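So this block is entry.txt, compact mmCIF, C-alpha atoms:
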```txt
# COMPACT_ATOMS: atom_id res chain seq x y z
CA MET A 1 -1.86 26.07 -7.35
CA ASN A 2 -1.68 28.45 -10.28
CA ARG A 3 1.40 30.06 -11.76
CA ARG A 4 0.98 33.37 -9.94
CA GLN A 5 0.72 31.66 -6.56
CA LEU A 6 3.74 29.56 -7.37
CA ILE A 7 5.85 32.59 -8.21
CA LYS A 8 4.62 34.35 -5.09
CA ARG A 9 5.57 31.38 -2.95
CA LEU A 10 8.97 31.04 -4.54
CA ALA A 11 9.52 34.73 -3.93
CA LEU A 12 8.91 34.24 -0.23
CA GLY A 13 12.29 32.61 -0.14
CA ALA A 14 14.02 29.77 1.58
CA ALA A 15 12.92 30.70 5.10
CA ALA A 16 9.26 30.42 4.27
CA LEU A 17 9.83 27.23 2.31
CA THR A 18 11.43 25.60 5.32
CA LEU A 19 8.31 26.30 7.36
CA MET A 20 5.73 25.40 4.74
CA PRO A 21 7.45 22.98 2.40
CA LEU A 22 4.55 20.59 2.15
CA LYS A 23 1.72 22.84 1.18
CA ALA A 24 3.71 24.46 -1.58
CA LEU A 25 5.03 21.30 -3.14
CA ALA A 26 2.26 18.75 -3.06
CA ALA A 27 -1.46 18.16 -3.23
CA TRP A 28 -2.88 15.39 -1.08
CA ASN A 29 -3.86 12.37 -3.19
CA GLN A 30 -7.58 12.41 -2.42
CA LYS A 31 -8.41 9.97 -5.23
CA ALA A 32 -6.21 7.24 -3.77
CA PHE A 33 -6.98 7.91 -0.12
CA HIS A 34 -10.74 8.18 -0.61
CA SER A 35 -11.00 4.98 -2.68
CA GLU A 36 -13.26 2.44 -1.02
CA PHE A 37 -11.36 -0.55 -2.39
CA VAL A 38 -7.72 -1.53 -2.34
CA ASP A 39 -7.12 -1.91 -6.10
CA PRO A 40 -8.18 1.61 -7.16
CA ALA A 41 -6.40 3.06 -4.12
CA VAL A 42 -3.15 1.34 -5.07
CA GLU A 43 -3.59 2.28 -8.70
CA GLY A 44 -4.29 5.90 -7.73
CA LEU A 45 -1.08 5.97 -5.77
CA PHE A 46 1.38 3.92 -7.84
CA GLY A 47 -0.25 4.12 -11.27
CA SER A 48 -0.63 0.35 -11.28
CA LYS A 49 -2.44 -2.12 -9.05
CA ASP A 50 -0.27 -5.06 -10.06
CA ALA A 51 2.09 -5.80 -7.23
CA LYS A 52 4.30 -8.86 -7.27
CA PRO A 53 4.15 -10.83 -4.01
CA SER A 54 7.60 -10.79 -2.45
CA VAL A 55 9.12 -12.73 0.42
CA GLU A 56 11.78 -10.05 0.65
CA ILE A 57 9.41 -7.67 2.39
CA GLU A 58 8.97 -8.11 6.10
CA LEU A 59 5.56 -6.96 7.34
CA LYS A 60 5.37 -6.94 11.09
CA ALA A 61 1.81 -6.74 12.39
CA PRO A 62 0.09 -8.45 15.30
CA THR A 63 -1.79 -11.66 14.52
CA ILE A 64 -4.49 -10.52 16.91
CA ALA A 65 -5.07 -6.85 17.70
CA GLU A 66 -7.21 -6.35 20.77
CA ASN A 67 -7.74 -2.69 19.95
CA GLY A 68 -8.35 -1.79 16.31
CA ALA A 69 -7.77 1.87 17.11
CA LEU A 70 -4.06 1.31 17.46
CA VAL A 71 -2.42 -1.46 15.44
CA PRO A 72 1.38 -1.24 15.14
CA ILE A 73 2.71 -1.96 11.64
CA THR A 74 6.34 -2.22 10.57
CA VAL A 75 7.52 -2.62 6.98
CA ARG A 76 11.13 -3.50 6.28
CA THR A 77 12.90 -4.75 3.19
CA ASP A 78 16.36 -5.36 1.72
CA LEU A 79 15.05 -4.80 -1.82
CA PRO A 80 17.27 -2.25 -3.62
CA ASN A 81 16.47 1.40 -4.39
CA VAL A 82 13.22 1.60 -2.47
CA THR A 83 11.39 4.80 -3.40
CA ARG A 84 8.00 4.29 -1.78
CA ILE A 85 6.27 2.17 0.85
CA ALA A 86 2.51 2.10 1.38
CA ILE A 87 0.17 0.40 3.83
CA ALA A 88 -3.40 -0.67 3.04
CA VAL A 89 -6.02 -2.14 5.38
CA HIS A 90 -8.36 -4.04 3.07
CA GLU A 91 -11.78 -3.78 4.69
CA ASN A 92 -11.43 -0.33 6.17
CA PRO A 93 -13.96 2.13 4.70
CA ARG A 94 -10.94 3.74 3.02
CA PRO A 95 -8.20 1.12 2.72
CA LEU A 96 -5.14 3.25 1.97
CA ALA A 97 -3.69 4.29 5.32
CA ALA A 98 -0.32 5.82 4.52
CA ALA A 99 2.22 6.23 1.74
CA PHE A 100 5.85 6.94 2.54
CA GLU A 101 8.38 8.44 0.15
CA LEU A 102 11.97 7.48 0.77
CA SER A 103 15.20 9.03 -0.50
CA PRO A 104 18.57 7.65 -1.57
CA LEU A 105 19.71 8.17 2.04
CA SER A 106 16.80 6.21 3.47
CA VAL A 107 16.87 2.79 5.01
CA ALA A 108 13.74 0.89 3.99
CA ASP A 109 12.41 0.31 7.48
CA VAL A 110 9.34 2.25 8.59
CA ALA A 111 6.78 1.88 11.34
CA THR A 112 3.46 3.49 12.21
CA ARG A 113 0.13 2.68 13.86
CA VAL A 114 -3.10 2.25 11.93
CA ARG A 115 -6.80 1.99 12.69
CA MET A 116 -8.59 -1.20 11.72
CA ALA A 117 -12.38 -1.43 11.52
CA LYS A 118 -12.45 -5.23 11.71
CA THR A 119 -10.52 -8.42 11.07
CA THR A 120 -9.00 -8.14 7.60
CA ASP A 121 -5.83 -8.33 5.52
CA VAL A 122 -3.11 -5.71 5.76
CA THR A 123 -0.89 -5.27 2.72
CA ALA A 124 2.47 -3.53 2.56
CA TYR A 125 3.52 -2.24 -0.87
CA VAL A 126 7.14 -1.53 -1.75
CA GLU A 127 8.30 0.25 -4.88
CA SER A 128 11.84 -0.92 -5.65
CA ASP A 129 13.75 -0.17 -8.86
CA GLY A 130 10.45 1.01 -10.34
CA GLN A 131 8.71 -2.32 -9.65
CA LEU A 132 5.85 -2.78 -7.22
CA TYR A 133 6.04 -5.61 -4.67
CA SER A 134 3.71 -6.54 -1.84
CA VAL A 135 3.19 -8.77 1.13
CA THR A 136 -0.09 -9.42 2.95
CA GLN A 137 -0.96 -10.60 6.41
CA GLN A 138 -4.29 -11.03 8.16
CA VAL A 139 -4.83 -9.20 11.44
CA LYS A 140 -7.68 -10.34 13.67
CA VAL A 141 -9.35 -7.42 15.40
CA THR A 142 -11.24 -7.91 18.66
CA ILE A 143 -12.63 -4.35 18.98
CA GLY A 144 -12.88 -2.21 15.83
CA GLY A 145 -11.10 1.11 15.81
CA CYS A 146 -13.06 3.27 13.42
CA GLY A 147 -16.14 3.96 15.54
CA GLY A 148 -16.76 7.39 17.08
CA MET B 1 5.38 16.88 18.32
CA LYS B 2 7.88 14.71 20.12
CA VAL B 3 10.94 13.75 18.08
CA LYS B 4 13.89 11.55 18.94
CA ALA B 5 16.75 10.98 16.51
CA LYS B 6 19.48 8.52 17.37
CA GLU B 7 22.47 7.46 15.31
CA LYS B 8 23.95 3.95 15.41
CA ASN B 9 26.44 2.50 12.90
CA GLY B 10 25.85 5.37 10.49
CA VAL B 11 22.07 4.97 10.50
CA VAL B 12 19.85 7.60 12.11
CA THR B 13 16.56 6.31 13.45
CA VAL B 14 13.87 8.92 14.01
CA LYS B 15 10.81 8.38 16.16
CA VAL B 16 7.99 10.89 15.95
CA LEU B 17 4.86 11.19 18.06
CA ILE B 18 2.33 13.88 17.14
CA LYS B 19 -0.63 14.86 19.30
CA HIS B 20 -3.53 14.92 16.85
CA PRO B 21 -7.12 13.60 16.81
CA MET B 22 -6.80 12.10 13.29
CA HIS B 23 -10.56 12.22 12.62
CA THR B 24 -11.38 10.36 9.42
CA GLY B 25 -14.52 12.37 8.66
CA LEU B 26 -16.53 9.12 8.72
CA GLN B 27 -16.86 8.75 12.47
CA ARG B 28 -19.91 9.81 14.48
CA ASP B 29 -19.94 11.19 17.98
CA LYS B 30 -22.23 10.03 20.81
CA LYS B 31 -25.07 12.24 19.51
CA GLY B 32 -24.79 10.62 16.09
CA GLU B 33 -23.31 13.72 14.47
CA VAL B 34 -20.55 13.27 11.93
CA VAL B 35 -17.18 14.33 13.31
CA PRO B 36 -15.57 16.54 10.64
CA ALA B 37 -12.39 15.25 9.03
CA HIS B 38 -9.27 16.48 10.82
CA PHE B 39 -6.12 14.54 10.11
CA ILE B 40 -2.48 15.05 9.20
CA GLN B 41 -1.94 14.91 5.44
CA PHE B 42 1.82 15.23 5.23
CA LEU B 43 4.82 14.65 7.44
CA SER B 44 8.26 15.35 6.07
CA ALA B 45 11.80 15.16 7.34
CA SER B 46 14.91 16.76 5.95
CA TYR B 47 18.58 16.33 6.74
CA GLU B 48 21.33 18.62 5.44
CA GLY B 49 18.83 20.30 3.15
CA GLN B 50 17.68 17.02 1.61
CA GLN B 51 14.30 15.40 2.12
CA VAL B 52 14.91 12.00 3.67
CA PHE B 53 11.34 10.96 4.41
CA LYS B 54 7.84 12.04 3.50
CA GLY B 55 4.60 10.53 4.64
CA GLU B 56 1.33 11.12 2.84
CA LEU B 57 -1.21 10.22 5.48
CA SER B 58 -4.88 9.63 6.19
CA GLY B 59 -7.41 9.38 8.99
CA SER B 60 -6.80 5.62 8.94
CA LEU B 61 -3.81 6.22 11.16
CA SER B 62 -4.26 6.07 14.91
CA ARG B 63 -5.02 9.10 17.00
CA ASP B 64 -1.76 10.73 18.18
CA PRO B 65 0.09 9.02 15.32
CA PHE B 66 3.52 7.49 15.65
CA PHE B 67 6.18 7.12 12.97
CA ARG B 68 9.60 5.56 12.85
CA PHE B 69 11.97 5.83 9.89
CA SER B 70 15.71 5.65 9.26
CA PHE B 71 18.32 7.20 6.99
CA ARG B 72 22.09 7.29 6.67
CA GLY B 73 23.37 10.31 8.60
CA GLU B 74 25.71 11.58 11.29
CA LYS B 75 25.50 12.25 14.99
CA GLY B 76 25.53 15.95 15.98
CA LYS B 77 23.74 17.13 12.86
CA LYS B 78 20.10 18.10 12.77
CA VAL B 79 16.97 16.56 11.35
CA GLU B 80 14.03 18.86 10.65
CA LEU B 81 10.45 17.66 10.74
CA SER B 82 7.24 19.29 9.76
CA TRP B 83 3.63 18.22 9.39
CA VAL B 84 0.50 19.83 8.04
CA ASP B 85 -3.12 18.69 8.38
CA ASN B 86 -6.22 19.06 6.21
CA LEU B 87 -7.12 22.30 8.03
CA GLU B 88 -3.70 23.67 7.05
CA LYS B 89 -2.49 23.66 10.63
CA GLY B 90 0.95 22.31 11.24
CA GLU B 91 4.17 22.35 13.15
CA SER B 92 7.91 22.29 12.41
CA LYS B 93 10.73 21.19 14.63
CA ALA B 94 14.47 20.62 14.35
CA VAL B 95 16.25 18.19 16.66
CA ASP B 96 19.87 17.19 17.18
CA ILE B 97 20.84 13.69 16.17
CA LYS B 98 22.21 11.94 19.26
```
Re-express the file's structure as structure tokens.
Amino acid sequence: MNRRQLIKRLALGAAALTLMPLKALAAWNQKAFHSEFVDPAVEGLFGSKDAKPSVEIELKAPTIAENGALVPITVRTDLPNVTRIAIAVHENPRPLAAAFELSPLSVADVATRVRMAKTTDVTAYVESDGQLYSVTQQVKVTIGGCGG
Amino acid sequence: MKVKAKEKNGVVTVKVLIKHPMHTGLQRDKKGEVVPAHFIQFLSASYEGQQVFKGELSGSLSRDPFFRFSFRGEKGKKVELSWVDNLEKGESKAVDIK
């Protein structure tokens, strides 16, 4: 967005901002989300790929997922001042699935459902007090979920 | 978009279900043609004028994606959600916290 567009959007006022807050304030992180490998994806998102393994993150994912099209994932942690949580599925064509931004009001407990192409590791990343932590679990997939 | 927001012990838990194909852009249909990318890029939630959750998303999420998140808030107030996809379509909704 250039300066003129920004001013125009700001001039539209609070009402318009409530309806279209996302478009005006952020550009989708194509570099991270289109990375074909986990490390560059994580680096593209967090600025560093070095995550410290932590037992203080709880990653809830099925051990065996019968349907790779719909794999429930929960990430929860008691680590302090959590600002971001991300989920990566290692051997998906594009590993980074989702990145969540939290706020000081947030409780670090999020859930979603991902697609998995095949049996592979799932890693949850947690940014806490400016440090990056992770936990990884393998999910066995019976039927891949990325086919047409 | 279906949204439920429930407060318990000062923590509001929000569950969101959005009807959306979430095409990655890498899939092929039965004729072998590439299905164009069509997926939600952002989901955000605000409470009392403050953003309490934002998801930056990809086609690696399931079709009709589901989200659950929590924040400290009060019953009777509202939480506002909005999403936008890569085709710049989207939806906003405000629900009462129960």
Quick one: which residues from chain A are at most 7 Å off chain B, using only C-alpha atoms, as an MDAnalysis selection string?
-> chainID A and resid 19 22 28 33 69:70 97:103 105:107 109:115 146:148
As lines of an AutoDock Vina configuration file, please report the centre and edge lengths, rounded to one decimal in Å, of the axis-aligned box that holds all listed atoms of segment 59-70 of chain A with 5 Å of padding on each of the six sides.
```
center_x = -1.4
center_y = -4.9
center_z = 14.1
size_x = 23.9
size_y = 23.5
size_z = 23.4
```
Find the residues near His90 of chain A: any atom within 12 Å, counting only C-alpha atoms, skip ones fewer than 2 places away on the same chain, and give them as a PyMOL selection string.
-> (chain A and resi 35-42+87-88+92-97+115-124+136-139) or (chain B and resi 60)
Could you dump the residues just selected with C-alpha atoms as a PDB file, in the coordinates of the input?
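Ended up saving to selection_38.pdb:
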```pdb
ATOM      1  CA  SER A  35     -11.000   4.980  -2.680  1.00  0.00           C
ATOM      2  CA  GLU A  36     -13.260   2.440  -1.020  1.00  0.00           C
ATOM      3  CA  PHE A  37     -11.360  -0.550  -2.390  1.00  0.00           C
ATOM      4  CA  VAL A  38      -7.720  -1.530  -2.340  1.00  0.00           C
ATOM      5  CA  ASP A  39      -7.120  -1.910  -6.100  1.00  0.00           C
ATOM      6  CA  PRO A  40      -8.180   1.610  -7.160  1.00  0.00           C
ATOM      7  CA  ALA A  41      -6.400   3.060  -4.120  1.00  0.00           C
ATOM      8  CA  VAL A  42      -3.150   1.340  -5.070  1.00  0.00           C
ATOM      9  CA  ILE A  87       0.170   0.400   3.830  1.00  0.00           C
ATOM     10  CA  ALA A  88      -3.400  -0.670   3.040  1.00  0.00           C
ATOM     11  CA  ASN A  92     -11.430  -0.330   6.170  1.00  0.00           C
ATOM     12  CA  PRO A  93     -13.960   2.130   4.700  1.00  0.00           C
ATOM     13  CA  ARG A  94     -10.940   3.740   3.020  1.00  0.00           C
ATOM     14  CA  PRO A  95      -8.200   1.120   2.720  1.00  0.00           C
ATOM     15  CA  LEU A  96      -5.140   3.250   1.970  1.00  0.00           C
ATOM     16  CA  ALA A  97      -3.690   4.290   5.320  1.00  0.00           C
ATOM     17  CA  ARG A 115      -6.800   1.990  12.690  1.00  0.00           C
ATOM     18  CA  MET A 116      -8.590  -1.200  11.720  1.00  0.00           C
ATOM     19  CA  ALA A 117     -12.380  -1.430  11.520  1.00  0.00           C
ATOM     20  CA  LYS A 118     -12.450  -5.230  11.710  1.00  0.00           C
ATOM     21  CA  THR A 119     -10.520  -8.420  11.070  1.00  0.00           C
ATOM     22  CA  THR A 120      -9.000  -8.140   7.600  1.00  0.00           C
ATOM     23  CA  ASP A 121      -5.830  -8.330   5.520  1.00  0.00           C
ATOM     24  CA  VAL A 122      -3.110  -5.710   5.760  1.00  0.00           C
ATOM     25  CA  THR A 123      -0.890  -5.270   2.720  1.00  0.00           C
ATOM     26  CA  ALA A 124       2.470  -3.530   2.560  1.00  0.00           C
ATOM     27  CA  THR A 136      -0.090  -9.420   2.950  1.00  0.00           C
ATOM     28  CA  GLN A 137      -0.960 -10.600   6.410  1.00  0.00           C
ATOM     29  CA  GLN A 138      -4.290 -11.030   8.160  1.00  0.00           C
ATOM     30  CA  VAL A 139      -4.830  -9.200  11.440  1.00  0.00           C
TER      31      VAL A 139
ATOM     32  CA  SER B  60      -6.800   5.620   8.940  1.00  0.00           C
TER      33      SER B  60
END
```
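Atom pair atom CA of Gly25 of chain B / atom CA of Ile40 of chain B: separated by 12.3 Å.
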Nearest-residue call for Pro21 of chain B, choices B:Asn9, B:Lys89, B:Val79, B:Phe39, using all atoms listed in the file | B:Phe39
Quick one: pull the distance between atom CA of Glu127 of chain A and atom CA of Lys52 of chain A, Å, one decimal.
-> 10.2 Å
Between atom CA of Lys78 of chain B and atom CA of Ala108 of chain A, what is the distance, to one decimal in Å?
->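 Value for the atom CA of Lys78 of chain B-atom CA of Ala108 of chain A distance: 20.3 Å.
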Would you please work out which residue, of A:Val55, A:Ile85, A:Ala32, A:Ala65, is nearest to Val141 of chain A when using only C-alpha atoms?
->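 Of A:Val55, A:Ile85, A:Ala32, A:Ala65, the one nearest Val141 of chain A is A:Ala65, counting only C-alpha atoms.
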